[in-house]
Amino acid sequence: VPTPYRKTLYVGAAGGGVWKTSNGGTTWRQVGDSLHNQTVGDLAVAPSDSNVVWVGTGERNSLRSQSWGNGVHKSTDGGRTWHRMGLADSRSIARVVIHPTNPAIVYVAALGHLWGSNNERGVYNTPDGVVNWARLSFVHDSPGPTALDLDHAYPKQLHACTWHRGRLRVSTLQ
């Protein structure tokens, strides 16, 4: 399908921020400086409006040197400017899913803290594209959602997977 955006791609790196290309990858530029966080857990572009980009910060992999994020951010101008949209205490956003026809409807899998329990874990939804988040699913303060998918044929159907996330601090015995 010939569109002016078919060569526009975004990349969110676990330790490198948000990058954009408008020429199919020949050149890239950093577009996530104003996020004040270079750790990206997931990035989603609205299927119905390529100027709407959501970024979930915080590394979703459980590593010893994991960096955490500062919530979810949204751009409505193709990454030129970003607005903080909440869920800052989740520290790790594993997945962002945007409704196929309405870019204001967004679902987020907030994985939560790595080194302890966290009550901001769960699957969240904003029905209006602003900071009004409703938690749709919460298992416990230790497991968090790691995968989230929307059935594009029936967009009211969500599929989520949770993981008991947590690293223990080990004290050394002497």
# chains A, B, ... in the order shown; residues from 1 in each chain; ligands from 1
>>> residues_around(residues="A:Thr146", least_positions_apart="2", cutoff="12 Å", atoms="only C-alpha atoms", output="VMD selection string")
chain A and resid 41 to 42 59 to 62 92 to 96 108 to 112 121 to 123 143 to 144 148 to 149 159 to 165
>>> select_by_dssp(residues="chain A", states="strand (DSSP E)", output="number ranges by chain")
A: 9-13, 17-21, 29-30, 40-46, 49-57, 72-75, 83-86, 93-98, 106-110, 122-126, 134-137, 143-150, 158-164
>>> closest_residue(among="A:His73, A:His99, A:Arg91, A:Arg29", to="A:Leu158", atoms="only C-alpha atoms")
A:His99
>>> closest_atom_pairs(of="stretch 55-159 of chain A", to="stretch 8-11 of chain A", cutoff="12 Å", atoms="only C-alpha atoms", output="JSON lines")
{"residue": "A:Val55", "atom": "CA", "partner": "A:Val11", "partner_atom": "CA", "distance": 10.1}
{"residue": "A:Gly78", "atom": "CA", "partner": "A:Tyr10", "partner_atom": "CA", "distance": 9.4}
{"residue": "A:Gly79", "atom": "CA", "partner": "A:Tyr10", "partner_atom": "CA", "distance": 9.1}
>>> write_last_selection(atoms="N, CA and C atoms", output="PDB file, in the first residue's frame")
ATOM      1  N   VAL A  55       5.148   4.952  24.417  1.00  0.00           N
ATOM      2  CA  VAL A  55       6.355   4.294  24.901  1.00  0.00           C
ATOM      3  C   VAL A  55       6.160   3.920  26.364  1.00  0.00           C
ATOM      4  N   GLY A  78       4.437  12.251  16.015  1.00  0.00           N
ATOM      5  CA  GLY A  78       5.488  11.415  15.452  1.00  0.00           C
ATOM      6  C   GLY A  78       6.794  11.437  16.217  1.00  0.00           C
ATOM      7  N   GLY A  79       6.749  11.689  17.514  1.00  0.00           N
ATOM      8  CA  GLY A  79       7.950  11.636  18.346  1.00  0.00           C
ATOM      9  C   GLY A  79       8.649  12.968  18.562  1.00  0.00           C
TER      10      GLY A  79
END
>>> atom_distance(atom1="atom CA of A:Asp89", atom2="atom CA of A:Ala46")
24.5 Å
>>> residues_around(residues="A:Leu35", least_positions_apart="5", cutoff="8 Å", atoms="only C-alpha atoms", output="PyMOL selection string")
chain A and resi 73+82-84
>>> residues_around(residues="A:Gln30", least_positions_apart="6", cutoff="7 Å", atoms="only C-alpha atoms", output="list in words")
Val18, Trp19 and Lys20 of chain A
>>> write_last_selection(atoms="N, CA, C and O atoms", output="PDB file, in the first residue's frame")
ATOM      1  N   VAL A  18      14.543   5.990  22.306  1.00  0.00           N
ATOM      2  CA  VAL A  18      13.644   5.847  21.168  1.00  0.00           C
ATOM      3  C   VAL A  18      14.298   6.478  19.939  1.00  0.00           C
ATOM      4  O   VAL A  18      14.766   7.612  19.982  1.00  0.00           O
ATOM      5  N   TRP A  19      14.301   5.708  18.849  1.00  0.00           N
ATOM      6  CA  TRP A  19      14.903   6.128  17.592  1.00  0.00           C
ATOM      7  C   TRP A  19      13.868   6.048  16.487  1.00  0.00           C
ATOM      8  O   TRP A  19      12.970   5.211  16.522  1.00  0.00           O
ATOM      9  N   LYS A  20      14.025   6.914  15.467  1.00  0.00           N
ATOM     10  CA  LYS A  20      13.076   6.958  14.354  1.00  0.00           C
ATOM     11  C   LYS A  20      13.832   7.096  13.036  1.00  0.00           C
ATOM     12  O   LYS A  20      14.832   7.806  12.949  1.00  0.00           O
TER      13      LYS A  20
END
>>> closest_atom_pairs(of="stretch 11-75 of chain A", to="stretch 128-131 of chain A", cutoff="12 Å", atoms="only C-alpha atoms", output="Markdown table")
| residue | atom | partner | partner_atom | distance |
| --- | --- | --- | --- | --- |
| A:Ala46 | CA | A:Gly129 | CA | 11.4 |
| A:Val52 | CA | A:Gly129 | CA | 10.1 |
| A:Val53 | CA | A:Gly129 | CA | 11.2 |
| A:Trp54 | CA | A:Gly129 | CA | 10.0 |
| A:Gly71 | CA | A:Val131 | CA | 11.1 |
| A:Val72 | CA | A:Val131 | CA | 9.5 |
| A:His73 | CA | A:Val131 | CA | 10.0 |
| A:Lys74 | CA | A:Gly129 | CA | 8.7 |
| A:Ser75 | CA | A:Gly129 | CA | 10.7 |
>>> write_last_selection(atoms="C-alpha atoms", output="short mmCIF file (atom, residue, chain, number, x, y, z; two decimals), in the first residue's frame")
data_model
loop_
_atom_site.label_atom_id
_atom_site.label_comp_id
_atom_site.auth_asym_id
_atom_site.auth_seq_id
_atom_site.Cartn_x
_atom_site.Cartn_y
_atom_site.Cartn_z
CA ALA A 46 -1.24 3.44 16.47
CA VAL A 52 0.45 8.54 17.68
CA VAL A 53 3.28 6.71 19.44
CA TRP A 54 3.23 5.30 22.98
CA GLY A 71 5.94 5.22 33.32
CA VAL A 72 4.15 5.57 30.02
CA HIS A 73 4.62 8.40 27.51
CA LYS A 74 2.65 9.48 24.45
CA SER A 75 3.48 11.47 21.34
#
>>> select_by_dssp(residues="chain A", states="helix (DSSP H, G or I)", output="ChimeraX atom specification")
/A:33-35,88-90
>>> closest_residue(among="A:Ser137, A:Val97, A:Gly58, A:Gly25", to="A:Leu150", atoms="only C-alpha atoms")
A:Val97
>>> closest_residue(among="A:Asn70, A:Asn118, A:Asn102, A:Thr57", to="A:Ala14", atoms="only C-alpha atoms")
A:Thr57
>>> atom_distance(atom1="atom CA of A:Thr81", atom2="atom CA of A:Val106")
18.6 Å
>>> atom_distance(atom1="atom CA of A:Thr101", atom2="atom CA of A:Asn37")
29.1 Å
>>> residues_around(residues="A:Pro100", least_positions_apart="6", cutoff="8 Å", atoms="only C-alpha atoms", output="PyMOL selection string")
chain A and resi 46-48+152+155
